[in-house]
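Trainee: What follows is structure12.cif, made up of mmCIF, C-alpha atoms:
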data_input
loop_
_atom_site.label_atom_id
_atom_site.label_comp_id
_atom_site.auth_asym_id
_atom_site.auth_seq_id
_atom_site.Cartn_x
_atom_site.Cartn_y
_atom_site.Cartn_z
CA MET A 1 79.32 31.50 183.13
CA THR A 2 77.54 31.92 186.47
CA ALA A 3 77.83 34.44 189.27
CA LYS A 4 77.51 34.23 193.03
CA ALA A 5 76.33 36.97 195.38
CA VAL A 6 78.49 37.23 198.50
CA LYS A 7 79.07 39.53 201.43
CA ARG A 8 82.55 40.95 201.03
CA ALA A 9 84.60 43.27 203.22
CA PHE A 10 86.70 46.02 201.62
CA LYS A 11 89.42 47.35 203.89
CA TYR A 12 91.00 50.80 203.47
CA ARG A 13 93.40 52.95 205.37
CA PHE A 14 92.22 56.37 206.55
CA TYR A 15 93.69 59.37 208.32
CA PRO A 16 91.46 60.81 211.07
CA SER A 17 91.55 64.38 212.27
CA GLY A 18 92.44 65.10 215.89
CA ALA A 19 88.79 65.25 216.93
CA GLN A 20 87.95 62.05 215.06
CA ALA A 21 90.90 60.20 216.58
CA ALA A 22 89.86 61.30 220.07
CA GLU A 23 86.25 60.22 219.47
CA LEU A 24 87.34 56.81 218.17
CA ALA A 25 89.74 56.33 221.07
CA ARG A 26 86.87 56.99 223.51
CA THR A 27 84.68 54.56 221.58
CA PHE A 28 87.35 51.83 221.67
CA GLY A 29 87.71 52.26 225.42
CA CYS A 30 83.95 52.11 226.02
CA VAL A 31 83.58 49.04 223.80
CA ARG A 32 86.32 47.27 225.75
CA LEU A 33 84.77 48.26 229.10
CA VAL A 34 81.25 47.13 228.16
CA TYR A 35 82.54 43.81 226.81
CA ASN A 36 84.53 43.12 229.99
CA MET A 37 81.67 44.10 232.31
CA ALA A 38 79.20 41.93 230.39
CA LEU A 39 81.63 39.00 230.46
CA ALA A 40 82.10 39.44 234.23
CA ALA A 41 78.33 39.55 234.74
CA ARG A 42 77.75 36.40 232.71
CA THR A 43 80.57 34.57 234.46
CA GLN A 44 79.34 35.59 237.89
CA ALA A 45 75.74 34.57 237.11
CA TRP A 46 76.88 31.10 236.09
CA THR A 47 79.34 30.67 238.97
CA LEU A 48 76.94 31.76 241.72
CA ARG A 49 73.51 30.79 240.39
CA GLN A 50 74.17 28.37 237.49
CA GLU A 51 72.28 30.85 235.30
CA ARG A 52 72.96 31.43 231.62
CA VAL A 53 72.74 35.13 230.72
CA ASN A 54 71.88 35.94 227.10
CA TYR A 55 72.27 39.02 224.91
CA ASN A 56 68.92 40.55 225.93
CA THR A 57 69.88 40.47 229.60
CA THR A 58 73.26 42.11 229.01
CA SER A 59 71.58 44.75 226.85
CA ALA A 60 69.27 45.59 229.78
CA LEU A 61 72.32 45.72 232.05
CA LEU A 62 73.96 48.20 229.68
CA THR A 63 70.93 50.48 229.91
CA GLY A 64 71.24 50.43 233.69
CA TRP A 65 74.98 51.09 233.62
CA LYS A 66 74.45 54.22 231.52
CA LYS A 67 72.15 55.66 234.19
CA THR A 68 74.77 55.46 236.96
CA ASP A 69 77.05 58.38 237.76
CA GLU A 70 80.20 56.24 237.47
CA LEU A 71 79.39 55.05 233.93
CA ALA A 72 77.51 58.07 232.59
CA PHE A 73 80.38 58.65 230.13
CA LEU A 74 79.08 55.68 228.09
CA ASN A 75 76.40 58.06 226.79
CA ASP A 76 79.08 60.23 225.16
CA VAL A 77 79.81 57.69 222.42
CA SER A 78 77.54 56.03 219.89
CA SER A 79 75.40 53.29 221.43
CA VAL A 80 75.67 51.01 218.36
CA PRO A 81 79.30 49.86 218.88
CA LEU A 82 78.46 49.08 222.51
CA GLN A 83 75.50 46.91 221.45
CA GLN A 84 77.66 45.23 218.84
CA ALA A 85 80.21 44.37 221.52
CA LEU A 86 77.47 42.54 223.43
CA ARG A 87 76.50 40.67 220.25
CA HIS A 88 80.13 39.65 219.71
CA LEU A 89 80.23 38.34 223.28
CA GLN A 90 77.07 36.34 222.61
CA VAL A 91 78.70 34.77 219.55
CA ALA A 92 81.80 33.95 221.62
CA PHE A 93 79.65 32.11 224.19
CA THR A 94 77.72 30.33 221.44
CA ASN A 95 80.99 29.04 220.00
CA PHE A 96 82.17 28.02 223.47
CA PHE A 97 79.04 26.01 224.29
CA ALA A 98 79.24 24.39 220.83
CA LYS A 99 82.87 23.40 221.68
CA ARG A 100 84.24 25.39 218.75
CA ALA A 101 86.25 27.79 220.90
CA ARG A 102 87.59 28.32 224.39
CA TYR A 103 85.88 30.32 227.11
CA PRO A 104 85.83 34.08 226.28
CA THR A 105 88.59 36.15 227.85
CA PHE A 106 88.69 39.76 228.98
CA LYS A 107 89.92 42.43 226.57
CA SER A 108 93.23 44.07 227.43
CA LYS A 109 93.96 47.75 226.93
CA LYS A 110 97.47 47.03 225.63
CA ARG A 111 97.14 43.70 223.84
CA SER A 112 93.61 43.42 222.45
CA ARG A 113 92.55 44.70 219.05
CA ARG A 114 91.18 48.23 219.12
CA SER A 115 88.02 48.24 217.02
CA ALA A 116 84.40 49.36 216.89
CA GLU A 117 81.60 48.12 214.66
CA TYR A 118 78.88 50.41 213.27
CA THR A 119 75.65 49.30 211.62
CA THR A 120 73.58 51.35 209.16
CA SER A 121 71.89 53.41 211.89
CA ALA A 122 75.25 54.71 213.12
CA PHE A 123 76.86 56.00 209.92
CA ARG A 124 75.96 57.98 206.81
CA TRP A 125 77.09 56.88 203.35
CA ARG A 126 76.52 59.60 200.78
CA ASP A 127 78.28 60.35 197.47
CA GLY A 128 81.12 57.99 198.30
CA LYS A 129 81.82 59.61 201.67
CA LEU A 130 81.52 57.92 205.05
CA THR A 131 80.52 59.83 208.18
CA LEU A 132 80.30 58.00 211.52
CA ALA A 133 77.94 58.81 214.39
CA LYS A 134 79.08 61.59 216.74
CA MET A 135 81.30 63.03 213.96
CA ALA A 136 80.71 66.18 211.94
CA GLU A 137 83.03 65.40 209.01
CA PRO A 138 83.51 62.32 206.82
CA LEU A 139 86.57 60.11 207.21
CA ASP A 140 89.58 60.85 205.01
CA ILE A 141 89.78 57.42 203.35
CA VAL A 142 92.46 56.38 200.87
CA TRP A 143 90.45 54.54 198.19
CA SER A 144 93.13 52.06 197.10
CA ARG A 145 90.54 50.10 195.08
CA PRO A 146 86.97 50.85 194.07
CA LEU A 147 83.91 49.43 195.77
CA PRO A 148 81.52 47.32 193.63
CA GLU A 149 79.38 49.51 191.41
CA GLY A 150 76.34 50.75 193.27
CA ALA A 151 77.46 49.12 196.53
CA SER A 152 76.32 50.52 199.86
CA PRO A 153 77.98 49.24 203.06
CA SER A 154 75.79 47.43 205.55
CA THR A 155 78.39 47.35 208.33
CA VAL A 156 81.46 49.49 208.98
CA THR A 157 84.30 48.41 211.26
CA VAL A 158 86.92 50.93 212.34
CA SER A 159 90.18 49.68 213.85
CA GLN A 160 93.66 50.77 214.82
CA ASP A 161 96.58 48.35 214.76
CA ALA A 162 99.57 48.21 217.09
CA ALA A 163 101.61 50.32 214.66
CA GLY A 164 99.15 53.18 215.03
CA ARG A 165 97.59 52.83 211.57
CA TRP A 166 93.84 53.42 211.15
CA PHE A 167 91.69 51.16 208.99
CA VAL A 168 88.04 51.06 208.00
CA SER A 169 86.37 47.90 206.69
CA LEU A 170 83.15 48.19 204.67
CA LEU A 171 80.94 45.11 204.34
CA CYS A 172 79.14 45.22 200.98
CA ASP A 173 77.22 42.97 198.64
CA ASP A 174 79.35 41.80 195.76
CA VAL A 175 78.97 39.47 192.79
CA ILE A 176 81.77 37.00 192.02
CA GLU A 177 81.96 35.76 188.43
CA GLN A 178 82.48 31.99 188.51
CA THR A 179 84.57 31.25 185.43
CA PRO A 180 85.10 27.60 184.47
CA ALA A 181 88.41 25.86 185.20
CA SER A 182 89.62 22.36 184.35
CA GLY A 183 92.71 21.96 186.52
CA VAL A 184 93.05 19.48 189.39
CA VAL A 185 95.92 19.91 191.84
CA GLY A 186 97.25 18.40 195.04
CA ILE A 187 99.01 20.78 197.44
CA ASP A 188 101.67 19.82 199.98
CA ALA A 189 102.67 22.50 202.47
CA GLY A 190 106.29 22.70 203.60
CA LEU A 191 109.10 24.87 204.87
CA ASP A 192 111.89 24.52 202.28
CA SER A 193 109.22 25.26 199.67
CA LEU A 194 106.10 26.98 200.91
CA LEU A 195 103.93 24.80 198.64
CA THR A 196 104.65 21.88 196.37
CA LEU A 197 102.05 21.10 193.70
CA SER A 198 101.29 17.71 192.20
CA THR A 199 102.33 19.17 188.84
CA GLY A 200 105.90 19.35 190.14
CA GLU A 201 105.88 23.11 190.68
CA LYS A 202 107.45 24.37 193.88
CA VAL A 203 106.51 27.73 195.37
CA THR A 204 109.46 29.38 197.07
CA ASN A 205 109.06 30.15 200.75
CA PRO A 206 109.69 33.93 201.04
CA ARG A 207 110.43 33.67 204.81
CA HIS A 208 109.25 37.22 205.52
CA GLU A 209 110.02 37.07 209.23
CA ARG A 210 113.58 35.85 208.62
CA CYS A 211 114.22 38.69 206.16
CA ASP A 212 113.33 41.29 208.80
CA ARG A 213 114.71 39.39 211.79
CA LYS A 214 117.72 41.68 212.26
CA ALA A 215 115.61 44.83 212.09
CA LEU A 216 113.13 43.30 214.54
CA ALA A 217 115.86 42.29 217.00
CA ARG A 218 117.43 45.75 216.80
CA ALA A 219 114.09 47.45 217.53
CA GLN A 220 113.35 45.06 220.40
CA ARG A 221 116.75 45.63 221.99
CA ALA A 222 116.22 49.38 221.80
CA MET A 223 112.81 49.04 223.46
CA ALA A 224 114.22 46.85 226.24
CA LYS A 225 116.68 49.60 227.20
CA LYS A 226 113.98 52.23 227.70
CA GLU A 227 112.48 52.99 231.10
CA LYS A 228 109.25 51.09 231.62
CA GLY A 229 106.18 53.30 231.21
CA SER A 230 108.11 56.22 229.71
CA ALA A 231 107.35 58.10 226.50
CA ASN A 232 110.60 56.80 225.03
CA GLN A 233 109.44 53.23 225.59
CA ALA A 234 106.13 54.02 223.88
CA ARG A 235 107.97 55.34 220.81
CA ALA A 236 110.29 52.33 220.79
CA ARG A 237 107.31 49.98 221.06
CA LEU A 238 105.80 51.68 218.04
CA LYS A 239 108.94 50.96 216.01
CA VAL A 240 108.73 47.28 216.96
CA ALA A 241 105.07 47.20 215.95
CA ARG A 242 105.89 48.74 212.56
CA VAL A 243 108.40 45.98 211.81
CA HIS A 244 105.81 43.36 212.76
CA ALA A 245 103.21 45.13 210.60
CA ARG A 246 105.55 45.13 207.59
CA ILE A 247 106.14 41.38 207.99
CA THR A 248 102.41 40.68 208.34
CA ASP A 249 101.44 42.82 205.35
CA ARG A 250 103.99 41.19 203.04
CA ARG A 251 102.97 37.70 204.14
CA ARG A 252 99.25 38.40 203.66
CA ASP A 253 99.84 39.96 200.24
CA HIS A 254 101.85 36.93 199.08
CA LEU A 255 99.23 34.47 200.31
CA HIS A 256 96.40 36.41 198.67
CA LYS A 257 98.14 36.37 195.29
CA LEU A 258 99.03 32.69 195.62
CA THR A 259 95.57 31.47 196.67
CA THR A 260 93.85 33.59 194.02
CA ARG A 261 96.02 32.04 191.30
CA LEU A 262 95.40 28.49 192.52
CA VAL A 263 91.64 28.99 192.70
CA ARG A 264 91.39 30.61 189.28
CA GLU A 265 93.42 27.88 187.56
CA ASN A 266 91.95 24.75 189.19
CA GLN A 267 88.46 23.35 189.66
CA THR A 268 89.50 20.86 192.36
CA LEU A 269 92.11 21.56 195.02
CA VAL A 270 93.28 18.95 197.53
CA ILE A 271 95.16 19.85 200.72
CA GLU A 272 96.20 18.15 203.96
CA ASP A 273 94.52 18.74 207.30
CA LEU A 274 97.54 19.97 209.27
CA THR A 275 97.31 20.51 213.04
CA VAL A 276 99.35 23.70 213.13
CA ARG A 277 98.43 24.25 216.79
CA ASN A 278 100.35 21.09 217.74
CA MET A 279 103.14 21.51 215.22
CA VAL A 280 104.24 24.88 216.61
CA LYS A 281 105.02 23.13 219.91
CA SER A 282 108.28 22.00 218.31
CA ARG A 283 110.91 24.39 219.68
CA SER A 284 113.18 24.00 216.65
CA LEU A 285 110.51 24.59 213.97
CA ALA A 286 107.90 26.78 215.67
CA ARG A 287 109.26 30.03 214.29
CA ALA A 288 109.50 28.75 210.72
CA ILE A 289 106.04 27.16 210.85
CA SER A 290 104.48 30.35 212.16
CA ASP A 291 106.19 32.36 209.42
CA ALA A 292 104.81 29.99 206.76
CA ALA A 293 101.24 30.74 207.94
CA TRP A 294 99.68 27.45 206.79
CA ARG A 295 96.47 28.11 208.72
CA GLN A 296 96.02 31.50 207.05
CA PHE A 297 96.68 29.92 203.65
CA ARG A 298 93.96 27.33 204.24
CA THR A 299 91.45 29.95 205.43
CA MET A 300 91.98 32.04 202.29
CA LEU A 301 91.74 28.97 200.08
CA GLU A 302 88.47 27.90 201.72
CA TYR A 303 86.52 31.12 201.25
CA LYS A 304 87.91 31.82 197.78
CA ALA A 305 87.03 28.29 196.64
CA ASP A 306 83.49 28.87 197.92
CA TRP A 307 83.28 32.21 196.10
CA HIS A 308 84.39 30.79 192.76
CA GLY A 309 82.52 27.49 192.96
CA ARG A 310 85.62 25.30 193.32
CA ASN A 311 85.89 21.92 195.07
CA LEU A 312 88.22 21.96 198.06
CA VAL A 313 89.00 18.50 199.44
CA VAL A 314 90.86 18.09 202.73
CA VAL A 315 92.76 14.83 203.24
CA ASP A 316 92.97 13.29 206.70
CA ARG A 317 96.04 14.36 208.67
CA TRP A 318 97.03 10.71 209.27
CA PHE A 319 97.23 9.84 205.57
CA PRO A 320 100.89 8.74 204.90
CA SER A 321 101.46 11.07 201.98
CA SER A 322 105.26 11.27 202.38
CA LYS A 323 105.95 7.55 202.91
CA LEU A 324 103.68 6.22 200.17
CA CYS A 325 105.05 5.59 196.67
CA SER A 326 102.83 7.43 194.19
CA THR A 327 103.83 4.96 191.45
CA CYS A 328 103.35 1.48 192.94
CA GLY A 329 101.63 2.24 196.26
CA ALA A 330 104.30 0.67 198.49
CA LEU A 331 104.83 2.17 201.93
CA ALA A 332 108.30 3.09 203.20
CA GLU A 333 109.04 1.88 206.72
CA ARG A 334 110.51 5.18 207.90
CA MET A 335 110.89 8.65 206.45
CA PRO A 336 112.89 11.12 208.61
CA LEU A 337 112.42 14.81 207.94
CA ASN A 338 115.97 15.24 206.59
CA MET A 339 115.33 12.72 203.78
CA ARG A 340 114.31 14.94 200.87
CA SER A 341 114.46 12.22 198.18
CA TRP A 342 114.16 8.43 198.25
CA THR A 343 114.07 5.43 195.94
CA CYS A 344 111.18 2.96 196.00
CA ARG A 345 111.72 -0.76 195.43
CA CYS A 346 109.95 -0.35 192.09
CA GLY A 347 112.92 1.77 191.00
CA THR A 348 111.18 5.15 191.07
CA VAL A 349 113.24 8.01 192.52
CA HIS A 350 110.94 10.37 194.42
CA ASP A 351 111.26 13.97 195.44
CA ARG A 352 109.71 13.82 198.90
CA ASP A 353 107.45 16.88 198.50
CA VAL A 354 106.34 16.21 194.91
CA ASN A 355 105.54 12.60 195.81
CA ALA A 356 103.49 13.77 198.82
CA ALA A 357 101.55 16.25 196.65
CA ARG A 358 100.73 13.52 194.13
CA ASN A 359 99.53 11.19 196.90
CA ILE A 360 97.38 13.97 198.34
CA LEU A 361 95.84 14.53 194.91
CA ALA A 362 95.11 10.80 194.50
CA ALA A 363 93.45 10.65 197.93
CA GLY A 364 91.35 13.72 197.10
CA GLN A 365 90.24 12.22 193.81
CA ALA A 366 89.14 9.09 195.72
CA VAL A 367 86.87 11.32 197.82
CA THR A 368 85.19 12.92 194.82
CA ALA A 369 84.93 9.62 192.91
CA CYS A 370 83.67 7.16 195.52
CA GLY A 371 83.48 8.97 198.84
CA ASP A 372 86.55 7.34 200.34
CA GLY A 373 86.94 8.17 204.01
CA VAL A 374 89.85 10.59 204.05
CA ARG A 375 87.83 13.67 204.96
CA PRO A 376 89.03 14.86 208.40
CA GLN A 377 86.75 14.95 211.40
CA ARG A 378 87.39 18.23 213.21
CA GLY A 379 87.83 17.96 216.94
CA ASN A 380 88.48 14.20 216.81
CA LEU A 381 92.19 14.45 217.54
CA ARG A 382 94.16 11.30 218.20
CA SER A 383 96.46 11.47 221.19
CA GLY A 384 99.96 10.12 221.55
CA GLN A 385 101.08 11.09 218.04
CA SER A 386 104.08 13.15 217.02
CA SER A 387 103.11 16.72 216.18
CA LEU A 388 105.43 16.71 213.14
CA LYS A 389 105.19 13.18 211.74
CA GLN A 390 101.42 12.97 211.44
CA GLU A 391 100.93 9.41 210.19
CA ASN A 392 98.77 6.94 212.10
CA PRO A 393 99.53 3.20 211.83
CA ARG A 394 95.79 2.57 211.34
CA ALA A 395 95.85 4.72 208.20
CA THR A 396 98.42 2.40 206.59
CA THR A 397 96.65 -0.93 207.17
CA GLY A 398 96.80 -3.15 204.10
CA ILE A 399 99.58 -1.18 202.37
CA PRO A 400 102.76 -3.20 201.68
CA VAL A 401 105.81 -1.96 203.58
CA LEU A 402 109.21 -1.61 201.92
#
Show this structure as structure tokens.
Mentor:
Amino acid sequence: MTAKAVKRAFKYRFYPSGAQAAELARTFGCVRLVYNMALAARTQAWTLRQERVNYNTTSALLTGWKKTDELAFLNDVSSVPLQQALRHLQVAFTNFFAKRARYPTFKSKKRSRRSAEYTTSAFRWRDGKLTLAKMAEPLDIVWSRPLPEGASPSTVTVSQDAAGRWFVSLLCDDVIEQTPASGVVGIDAGLDSLLTLSTGEKVTNPRHERCDRKALARAQRAMAKKEKGSANQARARLKVARVHARITDRRRDHLHKLTTRLVRENQTLVIEDLTVRNMVKSRSLARAISDAAWRQFRTMLEYKADWHGRNLVVVDRWFPSSKLCSTCGALAERMPLNMRSWTCRCGTVHDRDVNAARNILAAGQAVTACGDGVRPQRGNLRSGQSSLKQENPRATTGIPVL
């Protein structure tokens, strides 16, 4: 049995006092302002002078801004979250120039996430109590689970969600025990069943958003009737946000339990490379696809597989997993979405999803055995293809058609 040292974030809810809430609200506002001003300065420098501004330049600009009368209030909050905002902007530009992300956008007071990041120089961790800079008392944290024994946070992120809840995330060193596993499984994502495994198991789709759809519609109708900008509208908006938060929490909890079970039971996991960004363009299925959260499922599976030393293989999105017979290898000519079972010419009756999961597993095993080219190339998207029926004719060359 081996172990792996990782950086792991532990998130807890906390209840600030009035003074702490006011201090954090000021910090959130200053972080947003500094980020937007730095983004405007970098954009203007490139537009007017074709000059790339880096983190060091924006840090010098921040020093100058603090000395002006108009922005002297930036000195009232801790300087560390402001510097961290500039570092986050630098990362955003790095990702943009590497073509991994779009151009950075300005933070909005109403829509953007309210958060501030503190490094070790801006907080005190003593006897299991956390005190942030500019605060006299420690935060009242609800310790829903213990931190790793002897752990000391290296970074603390404080945030407030749209429902008004306060959270603190502590980044600590942790050790993950990598227990051996012998299972190999192919995973097909769907809507009728959230996941279908190559073993034949089907994971029921809980459809969290659909379960709370009536409550969400009722809260949204009530908010629409309130006068814009009034206190009543603010309270109604909070009720809408709480419904959304309940949906999000239940979905995340379900995905965490599901991915943890899959990673603990299997040494090799094979999934499809789905282009969720294109698939949600379907007006009839966008809501259901978003509720299934396939992208979030893959993200969790990726980092948990890395933690536990598992092999995660991603099959190319154009691989015809649904149309290919997992018994004889024949390819069906057409396979509409409403066809949930079909019979191959070899006589095998297939459940569409189970057959797809078995084909995905076979393709993944080809990767690990001989390096077959089904690993997706990110960013190399083929145009002119249906966003739902992701099967390229070139991927089926040489396969007999029924």
Trainee: Excluding Arg310 in chain A and any residue of its chain fewer than 4 positions from it, enumerate the residues within 10 Å of it, using only C-alpha atoms, and give them as a PyMOL selection string.
Mentor: chain A and resi 178-181+263-264+266-269+301-306
Trainee: Determine the residue set returned by the PyMOL selection byres ((chain A and resi 52) around 12) for the present structure, and present it as a ChimeraX atom specification.
Mentor: /A:39,41-51,53-58,90,93-94,97
Trainee: Applying the PyMOL selection byres ((chain A and resi 98-110) around 8) to the file I just gave you, which residues come out? Please list them as a ChimeraX atom specification.
Mentor: /A:29,32,35-36,39,89,92-97,111-112
Trainee: Could you make a table, as a Markdown table, of the residues of range 151-238 of chain A that have an atom within 10 Å of an atom of range 123-126 of chain A, each with its nearest atom pair and distance in Å to one decimal, counting all atoms listed in the file, in chain and number order?
Mentor:
| residue | atom | partner | partner_atom | distance |
| --- | --- | --- | --- | --- |
| A:Ser152 | CA | A:Trp125 | CA | 7.3 |
| A:Pro153 | CA | A:Trp125 | CA | 7.7 |
| A:Ser154 | CA | A:Phe123 | CA | 9.7 |
| A:Thr155 | CA | A:Phe123 | CA | 8.9 |
| A:Val156 | CA | A:Phe123 | CA | 8.0 |
Trainee: What does the distance from CA of Ala288 in chain A to CA of Val349 in chain A come to in Å, to one decimal?
Mentor: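 These atoms are spaced 27.8 Å apart.
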Trainee: Tell me, as a PyMOL selection string, which residues lie within 9 Å of Val158 in chain A, counting all atoms listed in the file; anything in the same chain fewer than 6 positions away does not count.
Mentor: chain A and resi 24+114-118+166-170
Trainee: Tell me which residues the PyMOL selection byres ((chain A and resi 258) around 12) grabs here, as a list in words.
Mentor: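 Selected by the PyMOL selection byres ((chain A and resi 258) around 12) here: Leu194, Leu195, Lys202, Val203, Thr204, Asn205, Arg251, Arg252, Asp253, His254, Leu255, His256, Lys257, Thr259, Thr260, Arg261, Leu262, Val263, Arg264, Glu265, Gln296, Phe297, Arg298, Met300, Leu301 and Lys304 of chain A.
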Trainee: Can you pull out every residue within 7 Å of Val77 in chain A, counting only C-alpha atoms, but drop anything in the same chain fewer than 2 positions away, and send it as an mmCIF file with C-alpha atoms, in the coordinates of the input?
Mentor:
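As a result, selection-v7.cif now contains:
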data_model
loop_
_atom_site.group_PDB
_atom_site.id
_atom_site.type_symbol
_atom_site.label_atom_id
_atom_site.label_comp_id
_atom_site.auth_asym_id
_atom_site.auth_seq_id
_atom_site.Cartn_x
_atom_site.Cartn_y
_atom_site.Cartn_z
ATOM 1 C CA THR A 27 84.680 54.560 221.580
ATOM 2 C CA LEU A 74 79.080 55.680 228.090
ATOM 3 C CA ASN A 75 76.400 58.060 226.790
ATOM 4 C CA SER A 79 75.400 53.290 221.430
ATOM 5 C CA LYS A 134 79.080 61.590 216.740
#
Trainee: Counting all atoms listed in the file, figure out which residue out of A:Lys228, A:Arg13, A:Arg295, A:Arg235 gets nearest to Asp161 in chain A.
Mentor: A:Arg13
Trainee: Would you please work out which residue, of A:Asn232, A:Thr327, A:Gln20, A:Ser322, is nearest to Met339 in chain A when using all atoms listed in the file?
Mentor: A:Ser322
Trainee: Mind checking which residues fall within 9 Å of Ile247 in chain A, counting all atoms listed in the file, ignoring those fewer than 2 positions away in the same chain, and posting them as a PyMOL selection string?
Mentor: chain A and resi 208-209+211-212+242-245+249-252
